[in-house]
Amino acid sequence: MALTQADILRALDLVKLPASGQSLSASGRVADILIDGGKVIFAIGIDATEAAAMEPVRKAAESAVSGLPGVSQVLVGLTADKAPSSAAAQARQQAQRPAPGAGPGATPGGPTPKAAGVPGVKQIIAVASGKGGVGKSTTTANLAVALSVLGLKVGVLDADIYGPSVPKIFGITGKPRLVSGRTLAPMEAYGLKIMSIGFLIDEETPMIWRGPMVISAITQMLREVAWGELDVLVVDMPPGTGDAQLTMAQQTPLAGAVIVSTPQDLALLDARRGVAMFKRVEVPILGIVENMSYFICPECGTRSDIFAHGGARHEAQRLGVPFLGEVPLAMPIRETSDSGRPIVASDPDSAHAQAYLGIARQVMASMAGGAVRAAPRIVIE
């Protein structure tokens, strides 16, 4: 018999809340239950002040559901939709606000607290875009392979929860195995260690999750994966400037961000917002990549600037950030990505692969030139 949400809620009847003694299922805190074969994922809603007290409840819920017949893996997140509303919490929030005249993101009362890194991972970089459809995931995959070709130990984290593309681009099927407790072993391809929510759910399952659940999933994939020793972890960010980007910037000591854009004005408007957001949270901009920069007709050799040309270079100059290079709109890049063979791995001597290798060399130089920063405390007024 197939596992149902009712089965999950019956198991959670045995889990009691510490303050009231009420069962977890009756409390109305359980949300976003997702069942994918033997995998079960759900969220427990909490107030932000309850995080420590509710951690034993989360573990008990995980244990209760793990005992159900047919369950092979359980992922439970604690999600806080709202900030604490008590007077004390409001007083703490007021104390954290920057003084009048302080710069954006300023933190009063001493140095910025340092975010915990990921054990064994020397540096983490984010690959981001202001909008979808500009080739960010393809750029991430080929940049990661190029960094590996240049001698680094590289991992890839697919943080695009709503549209995970990394499993397809690397041609990986199957599920990651549990190493111990909640820790997963990353999947591997082309010498890279790789993790994506796409490995944990069916590829046709829609991720109908609110922001807190997305944040919880990203945090767990970042910190509950046995990455081992890596020189760099490349994170494929979701498009835009929302919860996921702020969470990575706040909770992770990022070495920098690579912004991917196409040349046309509409894409550059969104890329500009991405650069501004990372600057606001004190993440160095490693540079801008102009993807789909031009098209060379394979039949006649004529060049066409389908999305205009040079816009990203000009934008980088205007913003005072490095321009990393141009990648053409080319059938071999699309074909190798669709077939799970990134072009840097499948055709390393091609002009397209050399473009990614050139970008990777500049990223390596930028990472070597600056120390990893401590993540800032972000205050939204």
# chains A, B, ... in the order shown; residues from 1 in each chain; ligands from 1
call {"tool": "select_by_dssp", "arguments": {"residues": "region 209-254 of chain A", "states": "helix (DSSP H, G or I)", "output": "number ranges by chain"}}
result
A: 211-223, 243-251
call {"tool": "residues_around", "arguments": {"residues": "Pro56 (chain A)", "least_positions_apart": "6", "cutoff": "10 Å", "atoms": "only C-alpha atoms", "output": "compact mmCIF listing (two decimals) with N, CA and C atoms, in the first residue's frame"}}
result
# COMPACT_ATOMS: atom_id res chain seq x y z
N LEU A 17 4.60 18.17 21.79
CA LEU A 17 5.26 19.46 21.95
C LEU A 17 5.66 19.65 23.41
N PRO A 18 6.85 20.16 23.69
CA PRO A 18 7.35 20.21 25.07
C PRO A 18 6.54 21.12 25.99
N GLU A 62 11.29 13.09 12.88
CA GLU A 62 12.06 12.34 11.88
C GLU A 62 12.13 10.86 12.23
call {"tool": "atom_distance", "arguments": {"atom1": "CA of Val281 (chain A)", "atom2": "CA of Asp160 (chain A)"}}
result
19.9 Å
call {"tool": "residues_around", "arguments": {"residues": "Ala308 (chain A)", "least_positions_apart": "3", "cutoff": "8 Å", "atoms": "only C-alpha atoms", "output": "list in words"}}
result
Pro263, Gln264, Ser293, Tyr294, Asp305 and Gly311 of chain A
call {"tool": "atom_distance", "arguments": {"atom1": "CA of Ser165 (chain A)", "atom2": "CA of Glu203 (chain A)"}}
result
9.7 Å
call {"tool": "closest_atom_pairs", "arguments": {"of": "region 218-334 of chain A", "to": "region 358-369 of chain A", "cutoff": "7 Å", "atoms": "only C-alpha atoms", "output": "CSV"}}
result
residue,atom,partner,partner_atom,distance
A:Ala255,CA,A:Met367,CA,6.6
A:Leu286,CA,A:Ser366,CA,6.2
A:Leu324,CA,A:Ile359,CA,5.3
A:Gly325,CA,A:Ile359,CA,6.1
call {"tool": "write_last_selection", "arguments": {"atoms": "C-alpha atoms", "output": "compact mmCIF listing (two decimals), in the first residue's frame"}}
result
# COMPACT_ATOMS: atom_id res chain seq x y z
CA ALA A 255 34.37 34.02 -1.40
CA LEU A 286 34.17 37.96 -8.98
CA LEU A 324 35.04 37.44 -17.17
CA GLY A 325 34.35 36.74 -20.82
call {"tool": "residues_around", "arguments": {"residues": "Gly38 (chain A)", "least_positions_apart": "4", "cutoff": "7 Å", "atoms": "only C-alpha atoms", "output": "ChimeraX atom specification"}}
result
/A:70-73
call {"tool": "closest_atom_pairs", "arguments": {"of": "region 14-64 of chain A", "to": "region 174-186 of chain A", "cutoff": "12 Å", "atoms": "only C-alpha atoms", "output": "CSV"}}
result
residue,atom,partner,partner_atom,distance
A:Asp36,CA,A:Lys175,CA,11.8
A:Gly37,CA,A:Lys175,CA,11.6
A:Gly38,CA,A:Lys175,CA,11.2
A:Lys39,CA,A:Lys175,CA,10.2
A:Lys59,CA,A:Arg182,CA,10.2
A:Glu62,CA,A:Arg182,CA,9.8
A:Ser63,CA,A:Gly181,CA,10.7
call {"tool": "residues_around", "arguments": {"residues": "Asp158 (chain A)", "least_positions_apart": "5", "cutoff": "7 Å", "atoms": "only C-alpha atoms", "output": "ChimeraX atom specification"}}
result
/A:164,166,195-196,235-237
call {"tool": "residues_around", "arguments": {"residues": "Asp13 (chain A)", "least_positions_apart": "4", "cutoff": "10 Å", "atoms": "only C-alpha atoms", "output": "number ranges by chain"}}
result
A: 8-9, 22-27, 61, 64
call {"tool": "residues_around", "arguments": {"residues": "Val127 (chain A)", "least_positions_apart": "3", "cutoff": "12 Å", "atoms": "only C-alpha atoms", "output": "MDAnalysis selection string"}}
result
chainID A and resid 124 130 134:144 156:160 233:240 245 248 254:261 271 274:275 278 285:289 363
call {"tool": "write_last_selection", "arguments": {"atoms": "N, CA and C atoms", "output": "compact mmCIF listing (two decimals), in the first residue's frame"}}
result
# COMPACT_ATOMS: atom_id res chain seq x y z
N ILE A 124 33.76 29.00 -1.07
CA ILE A 124 32.45 28.80 -1.68
C ILE A 124 32.16 30.00 -2.57
N GLY A 130 20.14 37.55 -12.46
CA GLY A 130 18.99 38.33 -12.03
C GLY A 130 17.68 37.74 -12.51
N VAL A 134 19.02 32.49 -18.72
CA VAL A 134 20.23 33.09 -19.29
C VAL A 134 21.40 32.10 -19.33
N GLY A 135 21.16 30.83 -18.95
CA GLY A 135 22.21 29.84 -19.03
C GLY A 135 23.07 29.73 -17.79
N LYS A 136 22.52 30.10 -16.65
CA LYS A 136 23.28 30.08 -15.40
C LYS A 136 23.74 28.68 -15.02
N SER A 137 22.85 27.69 -15.12
CA SER A 137 23.21 26.33 -14.70
C SER A 137 24.25 25.72 -15.63
N THR A 138 24.13 25.97 -16.93
CA THR A 138 25.14 25.50 -17.88
C THR A 138 26.48 26.15 -17.58
N THR A 139 26.46 27.44 -17.25
CA THR A 139 27.69 28.13 -16.89
C THR A 139 28.28 27.55 -15.61
N THR A 140 27.43 27.28 -14.63
CA THR A 140 27.90 26.68 -13.38
C THR A 140 28.60 25.36 -13.63
N ALA A 141 27.96 24.49 -14.40
CA ALA A 141 28.51 23.16 -14.64
C ALA A 141 29.86 23.24 -15.35
N ASN A 142 29.94 24.05 -16.40
CA ASN A 142 31.18 24.13 -17.16
C ASN A 142 32.28 24.87 -16.40
N LEU A 143 31.90 25.86 -15.60
CA LEU A 143 32.88 26.53 -14.74
C LEU A 143 33.45 25.54 -13.73
N ALA A 144 32.59 24.72 -13.12
CA ALA A 144 33.06 23.74 -12.14
C ALA A 144 34.01 22.73 -12.77
N VAL A 156 29.79 20.84 -6.47
CA VAL A 156 28.71 21.65 -7.02
C VAL A 156 27.47 21.45 -6.17
N LEU A 157 26.90 22.54 -5.68
CA LEU A 157 25.63 22.50 -4.96
C LEU A 157 24.57 23.18 -5.81
N ASP A 158 23.53 22.43 -6.17
CA ASP A 158 22.41 22.96 -6.93
C ASP A 158 21.40 23.54 -5.95
N ALA A 159 21.43 24.86 -5.76
CA ALA A 159 20.53 25.52 -4.81
C ALA A 159 19.25 26.02 -5.46
N ASP A 160 19.05 25.68 -6.73
CA ASP A 160 17.82 26.09 -7.42
C ASP A 160 16.75 25.04 -7.13
N LEU A 233 33.59 25.06 -3.56
CA LEU A 233 32.24 24.58 -3.79
C LEU A 233 31.53 25.64 -4.62
N VAL A 234 31.05 25.24 -5.81
CA VAL A 234 30.37 26.16 -6.72
C VAL A 234 28.87 25.97 -6.53
N VAL A 235 28.17 27.04 -6.19
CA VAL A 235 26.74 26.97 -5.89
C VAL A 235 25.94 27.56 -7.04
N ASP A 236 25.09 26.74 -7.64
CA ASP A 236 24.17 27.19 -8.68
C ASP A 236 22.95 27.80 -7.99
N MET A 237 22.88 29.13 -7.96
CA MET A 237 21.82 29.82 -7.24
C MET A 237 20.54 29.87 -8.06
N PRO A 238 19.39 29.94 -7.40
CA PRO A 238 18.17 30.20 -8.15
C PRO A 238 18.20 31.62 -8.70
N PRO A 239 17.46 31.90 -9.78
CA PRO A 239 17.48 33.26 -10.33
C PRO A 239 16.80 34.25 -9.39
N GLY A 240 17.18 35.50 -9.50
CA GLY A 240 16.54 36.55 -8.71
C GLY A 240 17.36 36.97 -7.51
N GLN A 245 19.16 33.68 -1.94
CA GLN A 245 20.38 34.46 -2.06
C GLN A 245 20.76 35.09 -0.73
N MET A 248 22.14 32.37 1.68
CA MET A 248 23.52 31.99 1.38
C MET A 248 24.49 33.08 1.81
N LEU A 254 30.86 33.38 1.84
CA LEU A 254 31.10 33.30 0.40
C LEU A 254 32.39 34.01 0.01
N ALA A 255 33.17 33.38 -0.86
CA ALA A 255 34.37 34.02 -1.40
C ALA A 255 34.01 35.01 -2.48
N GLY A 256 32.82 34.87 -3.08
CA GLY A 256 32.42 35.80 -4.11
C GLY A 256 31.29 35.25 -4.95
N ALA A 257 30.82 36.08 -5.89
CA ALA A 257 29.71 35.71 -6.76
C ALA A 257 30.07 36.00 -8.21
N VAL A 258 29.66 35.08 -9.09
CA VAL A 258 29.76 35.26 -10.54
C VAL A 258 28.35 35.54 -11.05
N ILE A 259 28.18 36.62 -11.78
CA ILE A 259 26.88 37.00 -12.32
C ILE A 259 26.83 36.63 -13.80
N VAL A 260 25.78 35.91 -14.20
CA VAL A 260 25.60 35.50 -15.59
C VAL A 260 24.47 36.31 -16.20
N SER A 261 24.71 36.87 -17.39
CA SER A 261 23.69 37.64 -18.07
C SER A 261 23.82 37.45 -19.58
N ALA A 271 20.52 41.69 -14.07
CA ALA A 271 21.89 41.43 -13.64
C ALA A 271 22.39 42.56 -12.74
N GLY A 274 21.22 41.97 -9.34
CA GLY A 274 21.99 40.92 -8.69
C GLY A 274 23.31 41.42 -8.16
N VAL A 275 24.01 42.22 -8.95
CA VAL A 275 25.27 42.81 -8.50
C VAL A 275 25.03 43.69 -7.28
N PHE A 278 24.39 41.57 -4.03
CA PHE A 278 25.59 40.97 -3.43
C PHE A 278 26.50 42.03 -2.83
N ILE A 285 32.11 40.66 -5.88
CA ILE A 285 31.70 40.26 -7.22
C ILE A 285 32.96 39.79 -7.97
N LEU A 286 33.02 38.49 -8.26
CA LEU A 286 34.17 37.96 -8.98
C LEU A 286 34.13 38.36 -10.45
N GLY A 287 32.95 38.68 -10.96
CA GLY A 287 32.85 39.15 -12.33
C GLY A 287 31.53 38.82 -12.98
N ILE A 288 31.35 39.33 -14.20
CA ILE A 288 30.14 39.12 -14.99
C ILE A 288 30.51 38.32 -16.24
N VAL A 289 29.68 37.33 -16.56
CA VAL A 289 29.83 36.53 -17.78
C VAL A 289 28.73 36.92 -18.76
N VAL A 363 38.45 33.51 -12.42
CA VAL A 363 37.82 33.28 -11.12
C VAL A 363 38.84 32.79 -10.11
